[in-house]
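What follows is the content of entry30.csv, which has CSV, C-alpha atoms and all ligand atoms:
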chain,number,residue,atom,x,y,z
W,1,MET,CA,-2.6,12.4,-25.1
W,2,SER,CA,-5.8,10.3,-24.8
W,3,LYS,CA,-7.3,11.2,-21.4
W,4,THR,CA,-6.8,13.4,-18.4
W,5,THR,CA,-6.7,11.4,-15.1
W,6,ARG,CA,-7.6,13.2,-11.9
W,7,ILE,CA,-5.5,12.1,-9.0
W,8,ALA,CA,-6.0,13.0,-5.3
W,9,VAL,CA,-3.0,12.8,-3.0
W,10,THR,CA,-3.6,13.4,0.7
W,11,GLY,CA,-0.8,14.5,3.0
W,12,ALA,CA,0.7,16.0,-0.1
W,13,ALA,CA,3.2,18.2,1.8
W,14,GLY,CA,4.6,15.3,3.7
W,15,GLN,CA,7.7,13.3,3.0
W,16,ILE,CA,6.0,10.6,0.9
W,17,GLY,CA,3.9,13.2,-0.9
W,18,TYR,CA,7.1,15.1,-1.8
W,19,ALA,CA,8.8,11.8,-3.0
W,20,MET,CA,5.7,10.9,-5.1
W,21,LEU,CA,4.2,14.0,-6.7
W,22,PHE,CA,7.0,14.8,-9.2
W,23,ARG,CA,7.1,11.2,-10.4
W,24,ILE,CA,3.3,11.1,-10.9
W,25,ALA,CA,3.4,14.4,-12.7
W,26,SER,CA,6.2,13.2,-15.0
W,27,GLY,CA,4.0,10.3,-16.1
W,28,GLU,CA,5.8,7.5,-14.3
W,29,MET,CA,2.6,6.1,-12.8
W,30,LEU,CA,0.2,6.1,-15.7
W,31,GLY,CA,2.5,6.6,-18.8
W,32,ALA,CA,2.7,9.3,-21.4
W,33,GLN,CA,-0.9,8.8,-22.6
W,34,HIS,CA,-2.5,10.4,-19.6
W,35,GLY,CA,-2.7,14.1,-18.8
W,36,ILE,CA,-2.5,14.6,-15.0
W,37,ASP,CA,-4.9,16.8,-12.9
W,38,LEU,CA,-3.6,16.8,-9.3
W,39,ARG,CA,-5.9,17.4,-6.3
W,40,LEU,CA,-3.7,17.9,-3.2
W,41,LEU,CA,-5.2,17.6,0.3
W,42,GLU,CA,-3.5,18.9,3.4
W,43,ILE,CA,-4.5,20.2,6.8
W,44,PRO,CA,-4.3,24.0,7.4
W,45,PRO,CA,-0.9,24.1,9.3
W,46,ALA,CA,0.7,22.4,6.2
W,47,MET,CA,-0.7,24.7,3.6
W,48,ASP,CA,2.3,27.0,3.4
W,49,ALA,CA,4.5,24.0,2.8
W,50,LEU,CA,2.0,22.7,0.2
W,51,ARG,CA,2.1,26.0,-1.6
W,52,GLY,CA,5.9,25.6,-1.9
W,53,VAL,CA,5.4,22.1,-3.4
W,54,VAL,CA,2.9,23.5,-5.9
W,55,MET,CA,5.4,26.1,-7.0
W,56,GLU,CA,8.0,23.4,-7.5
W,57,LEU,CA,5.6,21.4,-9.6
W,58,GLU,CA,4.9,24.4,-11.8
W,59,ASP,CA,8.7,25.0,-12.1
W,60,CYS,CA,9.2,21.5,-13.6
W,61,ALA,CA,7.0,22.5,-16.6
W,62,PHE,CA,5.9,18.9,-16.9
W,63,PRO,CA,4.2,18.4,-20.3
W,64,LEU,CA,1.6,16.0,-18.8
W,65,LEU,CA,0.6,18.2,-15.8
W,66,GLU,CA,-2.6,20.1,-16.7
W,67,ASN,CA,-3.8,21.3,-13.4
W,68,VAL,CA,-3.0,21.4,-9.7
W,69,VAL,CA,-5.5,22.2,-6.9
W,70,PRO,CA,-4.2,22.5,-3.3
W,71,THR,CA,-7.0,22.3,-0.7
W,72,THR,CA,-7.9,21.6,2.9
W,73,ASP,CA,-11.4,20.4,1.9
W,74,PRO,CA,-11.8,16.6,1.3
W,75,ASN,CA,-15.0,17.2,-0.7
W,76,GLU,CA,-13.1,19.4,-3.1
W,77,ALA,CA,-10.0,17.2,-3.1
W,78,PHE,CA,-12.0,14.1,-4.1
W,79,ALA,CA,-14.4,15.7,-6.6
W,80,ASP,CA,-14.5,13.4,-9.7
W,81,VAL,CA,-11.2,11.8,-8.9
W,82,ASP,CA,-10.2,8.6,-10.8
W,83,ILE,CA,-7.4,7.7,-8.3
W,84,ALA,CA,-7.0,8.5,-4.6
W,85,LEU,CA,-3.8,8.0,-2.8
W,86,LEU,CA,-4.5,8.3,0.9
W,87,VAL,CA,-1.1,9.1,2.4
W,88,GLY,CA,-1.9,11.8,4.9
W,89,ALA,CA,-1.7,10.5,8.4
W,90,ARG,CA,0.7,10.6,11.3
W,91,PRO,CA,3.8,8.3,11.0
W,92,ARG,CA,5.0,6.3,13.9
W,93,GLY,CA,8.2,7.1,15.9
W,94,ALA,CA,10.9,4.8,17.3
W,95,GLY,CA,9.5,2.1,19.6
W,96,MET,CA,5.9,2.3,18.3
W,97,GLU,CA,3.9,-0.4,16.5
W,98,ARG,CA,1.9,0.9,13.5
W,99,LYS,CA,-1.3,0.0,15.3
W,100,ASP,CA,-0.4,2.5,18.0
W,101,LEU,CA,-1.5,5.1,15.4
W,102,LEU,CA,-5.0,3.8,15.1
W,103,GLU,CA,-6.4,6.3,17.6
W,104,ALA,CA,-4.6,9.3,16.0
W,105,ASN,CA,-5.3,8.3,12.4
W,106,GLY,CA,-8.5,6.3,12.3
W,107,ALA,CA,-10.9,9.3,12.3
W,108,ILE,CA,-9.2,10.7,9.1
W,109,PHE,CA,-10.3,7.7,7.2
W,110,THR,CA,-13.9,8.0,8.3
W,111,THR,CA,-14.1,11.5,6.9
W,112,GLN,CA,-12.2,10.6,3.8
W,113,GLY,CA,-14.2,7.4,3.1
W,114,LYS,CA,-17.4,9.5,3.2
W,115,ALA,CA,-16.0,12.3,1.1
W,116,LEU,CA,-14.9,9.7,-1.5
W,117,SER,CA,-18.3,8.2,-1.5
W,118,ASP,CA,-20.0,11.5,-2.0
W,119,ASN,CA,-17.6,13.0,-4.6
W,120,ALA,CA,-15.3,10.7,-6.4
W,121,SER,CA,-15.7,9.2,-9.9
W,122,ARG,CA,-17.9,6.0,-9.7
W,123,ASP,CA,-14.8,4.1,-10.9
W,124,VAL,CA,-12.3,5.5,-8.4
W,125,ARG,CA,-9.4,3.4,-7.4
W,126,VAL,CA,-8.3,4.0,-3.8
W,127,LEU,CA,-4.9,3.1,-2.2
W,128,VAL,CA,-4.4,3.6,1.5
W,129,VAL,CA,-0.8,4.2,2.5
W,130,GLY,CA,-1.2,6.0,5.9
W,131,ASN,CA,-0.7,3.6,8.8
W,132,PRO,CA,-2.0,1.3,10.1
W,133,ALA,CA,-2.8,1.0,6.4
W,134,ASN,CA,-5.0,-2.2,6.4
W,135,THR,CA,-7.3,-1.0,9.2
W,136,ASN,CA,-7.4,2.6,7.9
W,137,CYS,CA,-8.5,1.1,4.6
W,138,LEU,CA,-11.2,-1.0,6.4
W,139,ILE,CA,-12.5,2.3,8.0
W,140,ALA,CA,-12.5,4.1,4.6
W,141,VAL,CA,-14.3,1.3,2.7
W,142,ASN,CA,-16.9,1.0,5.4
W,143,ASN,CA,-17.7,4.7,5.3
W,144,ALA,CA,-17.8,4.8,1.5
W,145,LYS,CA,-21.4,3.5,1.3
W,146,THR,CA,-21.9,4.2,-2.5
W,147,LEU,CA,-18.6,2.6,-3.7
W,148,ALA,CA,-17.7,-1.1,-4.0
W,149,SER,CA,-15.3,-2.8,-1.7
W,150,ASN,CA,-13.0,-3.8,-4.7
W,151,GLN,CA,-12.3,-0.1,-5.2
W,152,PHE,CA,-10.3,0.0,-2.0
W,153,THR,CA,-6.8,-1.4,-1.4
W,154,ALA,CA,-4.0,-0.9,1.1
W,155,MET,CA,-0.3,-1.0,0.4
W,156,THR,CA,1.9,-4.1,1.0
W,157,ILE,CA,3.9,-3.8,-2.2
W,158,LEU,CA,6.6,-2.1,-0.3
W,159,ASP,CA,6.9,-5.3,1.9
W,160,HIS,CA,6.9,-7.4,-1.3
W,161,HIS,CA,9.7,-5.3,-2.8
W,162,ARG,CA,11.7,-5.6,0.5
W,163,ALA,CA,11.3,-9.4,0.5
W,164,VAL,CA,12.3,-9.7,-3.2
W,165,ALA,CA,15.4,-7.6,-2.6
W,166,GLN,CA,16.4,-9.7,0.5
W,167,LEU,CA,16.0,-13.0,-1.3
W,168,ALA,CA,17.8,-11.8,-4.4
W,169,GLN,CA,20.7,-10.6,-2.2
W,170,LYS,CA,20.9,-13.9,-0.3
W,171,THR,CA,20.9,-16.0,-3.5
W,172,ARG,CA,23.2,-13.6,-5.4
W,173,ALA,CA,20.5,-13.2,-8.0
W,174,HIS,CA,18.9,-10.2,-9.7
W,175,VAL,CA,15.6,-9.0,-8.3
W,176,GLN,CA,14.0,-9.9,-11.7
W,177,ASP,CA,15.0,-13.5,-11.2
W,178,VAL,CA,12.7,-13.8,-8.1
W,179,ARG,CA,9.1,-14.9,-8.8
W,180,ASN,CA,5.9,-15.8,-7.0
W,181,LEU,CA,6.9,-14.5,-3.6
W,182,ALA,CA,3.9,-13.2,-1.5
W,183,ILE,CA,3.2,-11.1,1.5
W,184,TRP,CA,0.2,-12.3,3.5
W,185,GLY,CA,-1.9,-10.4,6.1
W,186,ASN,CA,-1.3,-7.1,7.8
W,187,HIS,CA,1.3,-4.4,7.0
W,188,SER,CA,2.7,-4.9,10.5
W,189,SER,CA,5.2,-7.0,12.4
W,190,THR,CA,2.9,-10.0,12.0
W,191,MET,CA,2.9,-10.0,8.2
W,192,PHE,CA,3.9,-13.3,6.6
W,193,PRO,CA,6.4,-13.0,3.8
W,194,GLU,CA,6.0,-16.4,2.2
W,195,LEU,CA,8.6,-18.3,0.2
W,196,HIS,CA,6.9,-21.6,-0.3
W,197,SER,CA,5.9,-20.9,-3.9
W,198,ALA,CA,8.8,-18.5,-4.6
W,199,THR,CA,11.4,-19.3,-7.2
W,200,VAL,CA,14.8,-17.8,-8.1
W,201,LYS,CA,15.8,-18.4,-11.8
W,202,GLY,CA,13.2,-21.1,-11.8
W,203,ILE,CA,14.5,-23.0,-8.8
W,204,ASP,CA,12.4,-23.3,-5.6
W,205,ALA,CA,13.6,-20.6,-3.2
W,206,LEU,CA,13.4,-23.0,-0.3
W,207,ASP,CA,15.9,-25.3,-2.0
W,208,LEU,CA,18.4,-22.3,-2.1
W,209,VAL,CA,18.2,-21.1,1.5
W,210,THR,CA,18.1,-22.9,4.8
W,211,MET,CA,14.9,-23.1,6.9
W,212,ASN,CA,16.9,-21.2,9.7
W,213,TRP,CA,17.6,-18.3,7.4
W,214,TYR,CA,14.0,-18.2,6.3
W,215,THR,CA,12.4,-18.3,9.8
W,216,ASP,CA,15.1,-16.5,11.9
W,217,GLU,CA,16.5,-13.9,9.4
W,218,PHE,CA,14.3,-13.4,6.4
W,219,ILE,CA,10.9,-13.2,8.0
W,220,PRO,CA,11.9,-10.9,10.9
W,221,CYS,CA,14.0,-8.7,8.5
W,222,VAL,CA,10.9,-8.0,6.3
W,223,GLN,CA,8.6,-7.6,9.2
W,224,GLN,CA,10.9,-5.1,10.9
W,225,ARG,CA,12.3,-3.3,7.9
W,226,GLY,CA,10.1,-0.2,8.5
W,227,ALA,CA,11.2,0.0,12.2
W,228,GLN,CA,14.9,-0.5,11.2
W,229,ILE,CA,14.6,2.5,8.7
W,230,ILE,CA,13.0,4.7,11.4
W,231,GLN,CA,15.8,3.7,13.8
W,232,ALA,CA,18.5,4.4,11.2
W,233,LYS,CA,17.3,7.7,9.7
W,234,GLY,CA,15.0,9.0,12.4
W,235,THR,CA,12.0,9.2,10.0
W,236,SER,CA,10.0,6.5,8.3
W,237,SER,CA,10.6,5.3,4.8
W,238,ALA,CA,9.5,7.8,2.1
W,239,ALA,CA,11.1,7.3,-1.3
W,240,SER,CA,10.7,3.6,-1.2
W,241,ALA,CA,7.1,4.0,0.0
W,242,ALA,CA,6.3,6.5,-2.8
W,243,ASN,CA,7.9,4.1,-5.3
W,244,ALA,CA,5.7,1.3,-4.0
W,245,ALA,CA,2.5,3.4,-4.2
W,246,ILE,CA,3.4,4.3,-7.9
W,247,ASP,CA,4.0,0.7,-8.8
W,248,HIS,CA,0.8,-0.4,-7.0
W,249,MET,CA,-1.4,2.0,-9.0
W,250,ARG,CA,0.4,1.3,-12.3
W,251,TYR,CA,-0.1,-2.4,-11.9
W,252,TRP,CA,-3.7,-2.0,-10.9
W,253,CYS,CA,-4.4,0.3,-13.9
W,254,THR,CA,-2.5,-1.9,-16.4
W,255,GLU,CA,-1.0,-5.2,-15.3
W,256,SER,CA,1.5,-6.6,-12.9
W,257,PRO,CA,4.8,-8.2,-14.0
W,258,GLY,CA,3.7,-11.6,-12.6
W,259,THR,CA,2.8,-12.1,-8.9
W,260,THR,CA,2.8,-9.2,-6.5
W,261,SER,CA,1.2,-8.4,-3.1
W,262,MET,CA,-1.7,-6.1,-2.3
W,263,SER,CA,-4.1,-5.8,0.6
W,264,ILE,CA,-7.7,-6.0,-0.6
W,265,VAL,CA,-11.1,-6.5,1.1
W,266,SER,CA,-11.2,-10.2,1.7
W,267,GLN,CA,-14.0,-12.2,0.2
W,268,GLY,CA,-13.0,-15.2,2.3
W,269,GLU,CA,-10.2,-16.4,0.1
W,270,TYR,CA,-8.0,-19.0,1.9
W,271,GLY,CA,-10.5,-19.0,4.8
W,272,ILE,CA,-9.7,-15.4,5.9
W,273,GLU,CA,-12.6,-13.6,7.6
W,274,SER,CA,-14.6,-11.7,4.9
W,275,GLY,CA,-14.4,-8.0,5.1
W,276,LEU,CA,-10.9,-7.8,6.6
W,277,VAL,CA,-8.3,-5.8,4.5
W,278,PHE,CA,-5.8,-8.6,4.0
W,279,SER,CA,-2.6,-8.9,1.9
W,280,TYR,CA,-2.7,-11.8,-0.7
W,281,PRO,CA,-0.6,-13.0,-3.6
W,282,ILE,CA,-2.1,-10.9,-6.5
W,283,VAL,CA,-2.0,-10.7,-10.2
W,284,CYS,CA,-3.3,-7.6,-12.0
W,285,HIS,CA,-4.5,-7.5,-15.6
W,286,GLY,CA,-7.0,-5.6,-17.6
W,287,GLY,CA,-7.4,-3.0,-14.8
W,288,GLN,CA,-8.4,-5.8,-12.4
W,289,ILE,CA,-6.9,-7.2,-9.2
W,290,ASP,CA,-7.1,-11.0,-8.9
W,291,VAL,CA,-6.1,-13.1,-5.9
W,292,ILE,CA,-4.0,-16.1,-6.9
W,293,GLN,CA,-6.2,-18.9,-5.6
W,294,ASP,CA,-4.1,-22.1,-5.8
W,295,ARG,CA,-1.3,-21.6,-3.3
W,296,VAL,CA,-0.6,-24.7,-1.3
W,297,LEU,CA,0.0,-23.7,2.3
W,298,ASP,CA,1.7,-26.0,4.8
W,299,ASP,CA,1.1,-26.0,8.6
W,300,PHE,CA,3.8,-23.4,9.2
W,301,ALA,CA,2.4,-21.0,6.6
W,302,GLN,CA,-1.2,-21.5,7.9
W,303,GLN,CA,-0.1,-20.8,11.4
W,304,ARG,CA,1.6,-17.6,10.3
W,305,ILE,CA,-1.4,-16.5,8.3
W,306,LYS,CA,-3.8,-17.1,11.2
W,307,LEU,CA,-1.6,-15.0,13.5
W,308,THR,CA,-1.7,-12.0,11.2
W,309,GLU,CA,-5.4,-12.5,10.6
W,310,GLN,CA,-6.0,-12.5,14.3
W,311,GLU,CA,-4.2,-9.2,14.7
W,312,LEU,CA,-6.4,-7.6,12.0
W,313,ILE,CA,-9.5,-8.9,13.8
W,314,GLU,CA,-8.2,-7.3,17.0
W,315,GLU,CA,-7.5,-4.0,15.2
W,316,ARG,CA,-11.0,-4.1,13.6
W,317,ASP,CA,-12.6,-4.8,17.0
W,318,ALA,CA,-10.8,-1.8,18.5
W,319,ILE,CA,-12.3,0.6,15.9
W,320,ARG,CA,-15.8,-0.9,15.4
W,321,HIS,CA,-17.3,2.4,16.4
W,322,LEU,CA,-15.7,4.0,13.2
W,323,LEU,CA,-17.2,1.4,10.8
W,401,LIG,P1,4.6,13.0,7.1
W,401,LIG,O1,4.3,13.3,8.5
W,401,LIG,O2,5.9,13.4,6.4
W,401,LIG,O3,3.4,13.5,6.2
W,401,LIG,C1,2.1,13.3,6.5
W,401,LIG,C2,1.3,14.5,6.0
W,401,LIG,O4,-0.1,14.2,6.1
W,401,LIG,C3,1.6,15.8,6.7
W,401,LIG,O5,2.0,16.8,5.8
W,401,LIG,C4,0.3,16.1,7.4
W,401,LIG,O6,0.1,17.5,7.5
W,401,LIG,C5,-0.7,15.4,6.5
W,401,LIG,N1,-2.0,15.1,7.1
W,401,LIG,C6,-2.2,14.8,8.4
W,401,LIG,N2,-3.6,14.6,8.6
W,401,LIG,C7,-4.2,14.9,7.4
W,401,LIG,C8,-5.5,14.9,6.9
W,401,LIG,N3,-6.5,14.6,7.7
W,401,LIG,N4,-5.7,15.1,5.6
W,401,LIG,C9,-4.7,15.4,4.8
W,401,LIG,N5,-3.4,15.4,5.1
W,401,LIG,C10,-3.1,15.2,6.4
W,401,LIG,O7,4.4,11.4,7.0
W,401,LIG,P2,4.9,10.4,5.8
W,401,LIG,O8,6.3,10.0,6.0
W,401,LIG,O9,4.6,11.1,4.5
W,401,LIG,O10,4.0,9.2,6.0
W,401,LIG,C11,2.6,9.3,5.8
W,401,LIG,C12,1.9,8.0,6.3
W,401,LIG,O11,2.3,6.9,5.5
W,401,LIG,C13,2.3,7.6,7.8
W,401,LIG,O12,1.1,7.1,8.4
W,401,LIG,C14,3.3,6.5,7.6
W,401,LIG,O13,3.4,5.6,8.7
W,401,LIG,C15,2.7,5.8,6.4
W,401,LIG,N6,3.6,4.9,5.6
W,401,LIG,C16,3.0,3.7,5.1
W,401,LIG,C17,3.7,2.8,4.4
W,401,LIG,C18,3.2,1.6,3.9
W,401,LIG,O14,3.9,0.7,3.3
W,401,LIG,N7,1.8,1.3,3.9
W,401,LIG,C19,5.1,3.1,4.1
W,401,LIG,C20,5.6,4.3,4.7
W,401,LIG,C21,4.9,5.2,5.4
W,402,LIG,C1,7.2,1.2,6.5
W,402,LIG,O1,7.0,0.0,6.4
W,402,LIG,O2,8.3,1.7,6.2
W,402,LIG,C2,6.1,2.2,7.0
W,402,LIG,O3,5.0,1.5,7.3
W,402,LIG,C3,6.6,3.1,8.0
W,402,LIG,C4,6.7,2.4,9.4
W,402,LIG,O4,6.1,2.9,10.3
W,402,LIG,O5,7.3,1.3,9.5
Could the structure of this file be written out as structure tokens, please?
Ligand code: NAD
Ligand code: LMR
Amino acid sequence: MSKTTRIAVTGAAGQIGYAMLFRIASGEMLGAQHGIDLRLLEIPPAMDALRGVVMELEDCAFPLLENVVPTTDPNEAFADVDIALLVGARPRGAGMERKDLLEANGAIFTTQGKALSDNASRDVRVLVVGNPANTNCLIAVNNAKTLASNQFTAMTILDHHRAVAQLAQKTRAHVQDVRNLAIWGNHSSTMFPELHSATVKGIDALDLVTMNWYTDEFIPCVQQRGAQIIQAKGTSSAASAANAAIDHMRYWCTESPGTTSMSIVSQGEYGIESGLVFSYPIVCHGGQIDVIQDRVLDDFAQQRIKLTEQELIEERDAIRHLL
């Protein structure tokens, strides 16, 4: 084992936390070279449940798991952490949009942004999962005055995986045959799952499906998948979200298998307003996240991208007092 990695998980007793922690502790996120030191943050009413989770982690006798600290104090949870997975936040119920959670969840990310800034490793990598993920990430990064904006990301890989799976099913291909698809914008019902550069077995995706399927079935299906899951099972996605968070961090720390999608703090790429937390086509290598810069976007794509950018501007304007 070469190194111990300290990982904070917030909302550790919640359903995503439960689906994520055992996989992290087994080495699925960072590989067998990294010992794992877990810092688990919860609110006081969830501490009994968290104690149960810690007992179960102990009972797995994971060879890589060196230490587990449950706490209600963000300063303790984030002390010297290399990775922070910010999951803890209220999930939406049926009939809600994710942005309806801004008021309930926004303040969490003010406190946690400051606590990361004051306590985390100077190289910390932060992933925001709690909804509305992009704007919560915007709040966190703006409150983390001593950290750089490229240390903060929000999760849209789940949407990327959903889009890949839908296209693979439609074209009777394997998910690994799908390349270069991308999710643009907000993790919300305005996100734009883009197929203009996507290929299946090397063939342009848009030569394999009709424009009607693309606009009337595929895009709404990916945009509404989270809501469909809530309607079907009564609670929001958990195992697939945990899986996406693990992939996001593994790709960021190592490399991505080709193009993926992540929300990052925009530097104005593709004309998007700088500072917004926006999902782009991404490639990761050498521990870095790079936006793929040479996508050709037709009028349809540009319109969709403007729509989701506009929603992020409105969300930002609604929480300006937290920045
Ligand atoms: P959950 O209700 O099962 O768990 C959330 C946990 O967070 C609870 O245990 C709660 O006690 C804890 N928590 C609340 N406030 C906290 C705080 N200030 N500090 C630490 N912990 C706190 O919810 P879940 O299903 O695990 O979902 C968590 C969040 O992730 C929700 O906001 C959900 O909408 C979001 N989510 C995002 C994506 C994505 O793709 N970005 C996917 C799925 C879910
Ligand atoms: C999802 O996409 O599954 C999550 O963001 C949960 C939700 O509220 O849809």
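Selection of all polymer residues within 6 Å of ligand LIG 402 (chain W) on the basis of only C-alpha atoms and all ligand atoms gives W:Pro91, W:Arg92, W:Arg98, W:Gly226, W:Ala227, W:Ser236, W:Ser237.
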Subject >> Residues near Glu76 in chain W, cut-off 12 Å, all atoms listed in the file, skip fewer than 4 positions along chain, as an MDAnalysis selection string >> reply: chainID W and resid 8 10 38:42 69:72 80:81 112 115:116 118:120
Original post:
Near range 286-299 of chain W, counting all atoms listed in the file, which residues have an atom at most 12 Å away, once you skip same-chain residues fewer than 5 positions from it, shown as a ChimeraX atom specification?
Top reply: /W:30,123-125,150-153,180-182,184,192,194-198,248-256,258-271,278-281,304-306
Output C-alpha atoms of each residue in that selection to a file, as a PDB file, in the coordinates of the input.
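Contents of selection35.pdb, as written:
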ATOM      1  CA  LEU W  30       0.200   6.100 -15.700  1.00  0.00           C
ATOM      2  CA  ASP W 123     -14.800   4.100 -10.900  1.00  0.00           C
ATOM      3  CA  VAL W 124     -12.300   5.500  -8.400  1.00  0.00           C
ATOM      4  CA  ARG W 125      -9.400   3.400  -7.400  1.00  0.00           C
ATOM      5  CA  ASN W 150     -13.000  -3.800  -4.700  1.00  0.00           C
ATOM      6  CA  GLN W 151     -12.300  -0.100  -5.200  1.00  0.00           C
ATOM      7  CA  PHE W 152     -10.300   0.000  -2.000  1.00  0.00           C
ATOM      8  CA  THR W 153      -6.800  -1.400  -1.400  1.00  0.00           C
ATOM      9  CA  ASN W 180       5.900 -15.800  -7.000  1.00  0.00           C
ATOM     10  CA  LEU W 181       6.900 -14.500  -3.600  1.00  0.00           C
ATOM     11  CA  ALA W 182       3.900 -13.200  -1.500  1.00  0.00           C
ATOM     12  CA  TRP W 184       0.200 -12.300   3.500  1.00  0.00           C
ATOM     13  CA  PHE W 192       3.900 -13.300   6.600  1.00  0.00           C
ATOM     14  CA  GLU W 194       6.000 -16.400   2.200  1.00  0.00           C
ATOM     15  CA  LEU W 195       8.600 -18.300   0.200  1.00  0.00           C
ATOM     16  CA  HIS W 196       6.900 -21.600  -0.300  1.00  0.00           C
ATOM     17  CA  SER W 197       5.900 -20.900  -3.900  1.00  0.00           C
ATOM     18  CA  ALA W 198       8.800 -18.500  -4.600  1.00  0.00           C
ATOM     19  CA  HIS W 248       0.800  -0.400  -7.000  1.00  0.00           C
ATOM     20  CA  MET W 249      -1.400   2.000  -9.000  1.00  0.00           C
ATOM     21  CA  ARG W 250       0.400   1.300 -12.300  1.00  0.00           C
ATOM     22  CA  TYR W 251      -0.100  -2.400 -11.900  1.00  0.00           C
ATOM     23  CA  TRP W 252      -3.700  -2.000 -10.900  1.00  0.00           C
ATOM     24  CA  CYS W 253      -4.400   0.300 -13.900  1.00  0.00           C
ATOM     25  CA  THR W 254      -2.500  -1.900 -16.400  1.00  0.00           C
ATOM     26  CA  GLU W 255      -1.000  -5.200 -15.300  1.00  0.00           C
ATOM     27  CA  SER W 256       1.500  -6.600 -12.900  1.00  0.00           C
ATOM     28  CA  GLY W 258       3.700 -11.600 -12.600  1.00  0.00           C
ATOM     29  CA  THR W 259       2.800 -12.100  -8.900  1.00  0.00           C
ATOM     30  CA  THR W 260       2.800  -9.200  -6.500  1.00  0.00           C
ATOM     31  CA  SER W 261       1.200  -8.400  -3.100  1.00  0.00           C
ATOM     32  CA  MET W 262      -1.700  -6.100  -2.300  1.00  0.00           C
ATOM     33  CA  SER W 263      -4.100  -5.800   0.600  1.00  0.00           C
ATOM     34  CA  ILE W 264      -7.700  -6.000  -0.600  1.00  0.00           C
ATOM     35  CA  VAL W 265     -11.100  -6.500   1.100  1.00  0.00           C
ATOM     36  CA  SER W 266     -11.200 -10.200   1.700  1.00  0.00           C
ATOM     37  CA  GLN W 267     -14.000 -12.200   0.200  1.00  0.00           C
ATOM     38  CA  GLY W 268     -13.000 -15.200   2.300  1.00  0.00           C
ATOM     39  CA  GLU W 269     -10.200 -16.400   0.100  1.00  0.00           C
ATOM     40  CA  TYR W 270      -8.000 -19.000   1.900  1.00  0.00           C
ATOM     41  CA  GLY W 271     -10.500 -19.000   4.800  1.00  0.00           C
ATOM     42  CA  PHE W 278      -5.800  -8.600   4.000  1.00  0.00           C
ATOM     43  CA  SER W 279      -2.600  -8.900   1.900  1.00  0.00           C
ATOM     44  CA  TYR W 280      -2.700 -11.800  -0.700  1.00  0.00           C
ATOM     45  CA  PRO W 281      -0.600 -13.000  -3.600  1.00  0.00           C
ATOM     46  CA  ARG W 304       1.600 -17.600  10.300  1.00  0.00           C
ATOM     47  CA  ILE W 305      -1.400 -16.500   8.300  1.00  0.00           C
ATOM     48  CA  LYS W 306      -3.800 -17.100  11.200  1.00  0.00           C
TER      49      LYS W 306
END
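A straight line drawn from CA of Ile83 in chain W to atom O2 of ligand LIG 401 (chain W) is 20.6 Å long.
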Subject >> Nearest to ligand LIG 401 (chain W), chosen from W:Val68, W:Ala241, W:Leu86, W:Ala163, with only C-alpha atoms and all ligand atoms counted in the distances >> reply: W:Ala241
Using 8 Å of padding on each side, determine the axis-aligned box around all atoms of ligand LIG 401 (chain W) present in the file and give its centre and edge lengths in Å to one decimal, as lines of an AutoDock Vina configuration file.
center_x = -0.1
center_y = 9.1
center_z = 6.0
size_x = 28.8
size_y = 32.8
size_z = 21.4
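Each of W:Gln176, W:Thr110, W:Ser189, W:Asn134 was checked against Gln228 in chain W using all atoms listed in the file; the smallest atom-to-atom distance is that of W:Ser189.
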Original post:
Between CA of Gly88 in chain W and atom C13 of ligand LIG 401 (chain W), what is the spacing in Å?
Top reply: 6.6 Å
Original post:
Of the candidates W:Ile282, W:Ala49, W:Ala165, W:Cys221, which one gets nearest to ligand LIG 401 (chain W) if we count all atoms listed in the file?
Top reply: W:Ala49
Original post:
Near Gly130 in chain W, counting all atoms listed in the file, which residues have an atom at most 6 Å away, once you skip same-chain residues fewer than 2 positions from it, shown as a list in words?
Top reply: Val87, Gly88, Ala89, Val128 and Ala133 of chain W
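In this model, the gap between CA of Pro257 in chain W and CA of Gln224 in chain W comes to 25.8 Å.
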Subject >> Polymer residues at most 12 Å from Ile313 in chain W, only C-alpha atoms, same-chain spacing of 6 or more positions, as a ChimeraX atom specification >> reply: /W:134-135,138,185-186,272-278,306-307,319-320
How about saving the chosen residues, C-alpha atoms kept, as a compact mmCIF listing (two decimals), keeping the file's coordinate frame?
# COMPACT_ATOMS: atom_id res chain seq x y z
CA ASN W 134 -5.00 -2.20 6.40
CA THR W 135 -7.30 -1.00 9.20
CA LEU W 138 -11.20 -1.00 6.40
CA GLY W 185 -1.90 -10.40 6.10
CA ASN W 186 -1.30 -7.10 7.80
CA ILE W 272 -9.70 -15.40 5.90
CA GLU W 273 -12.60 -13.60 7.60
CA SER W 274 -14.60 -11.70 4.90
CA GLY W 275 -14.40 -8.00 5.10
CA LEU W 276 -10.90 -7.80 6.60
CA VAL W 277 -8.30 -5.80 4.50
CA PHE W 278 -5.80 -8.60 4.00
CA LYS W 306 -3.80 -17.10 11.20
CA LEU W 307 -1.60 -15.00 13.50
CA ILE W 319 -12.30 0.60 15.90
CA ARG W 320 -15.80 -0.90 15.40
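Of the residues under consideration (W:Asp247, W:Asp159, W:Glu314, W:Asp177), W:Asp159 shows the shortest atom-to-atom contact distance to ligand LIG 401 (chain W) when counting all atoms listed in the file.
Nearest to ligand LIG 401 (chain W) of all the residues W:Gln231, W:Ser240, W:Phe22, W:Ile219 is W:Ser240, based on only C-alpha atoms and all ligand atoms.
When only C-alpha atoms are used to compute distances to Ala245 in chain W, the closest of the residues W:Glu103, W:Asp48, W:Asp59, W:Glu28 turns out to be W:Glu28.
Residues having any atom no farther than 9 Å from (8.5, -0.5, 1.8) (counting all atoms listed in the file) are W:Met155, W:Thr156, W:Ile157, W:Leu158, W:Asp159, W:His160, W:His161, W:Arg162, W:Arg225, W:Gly226, W:Ser237, W:Ala238, W:Ala239, W:Ser240, W:Ala241, W:Ala242, W:Asn243, W:Ala244.
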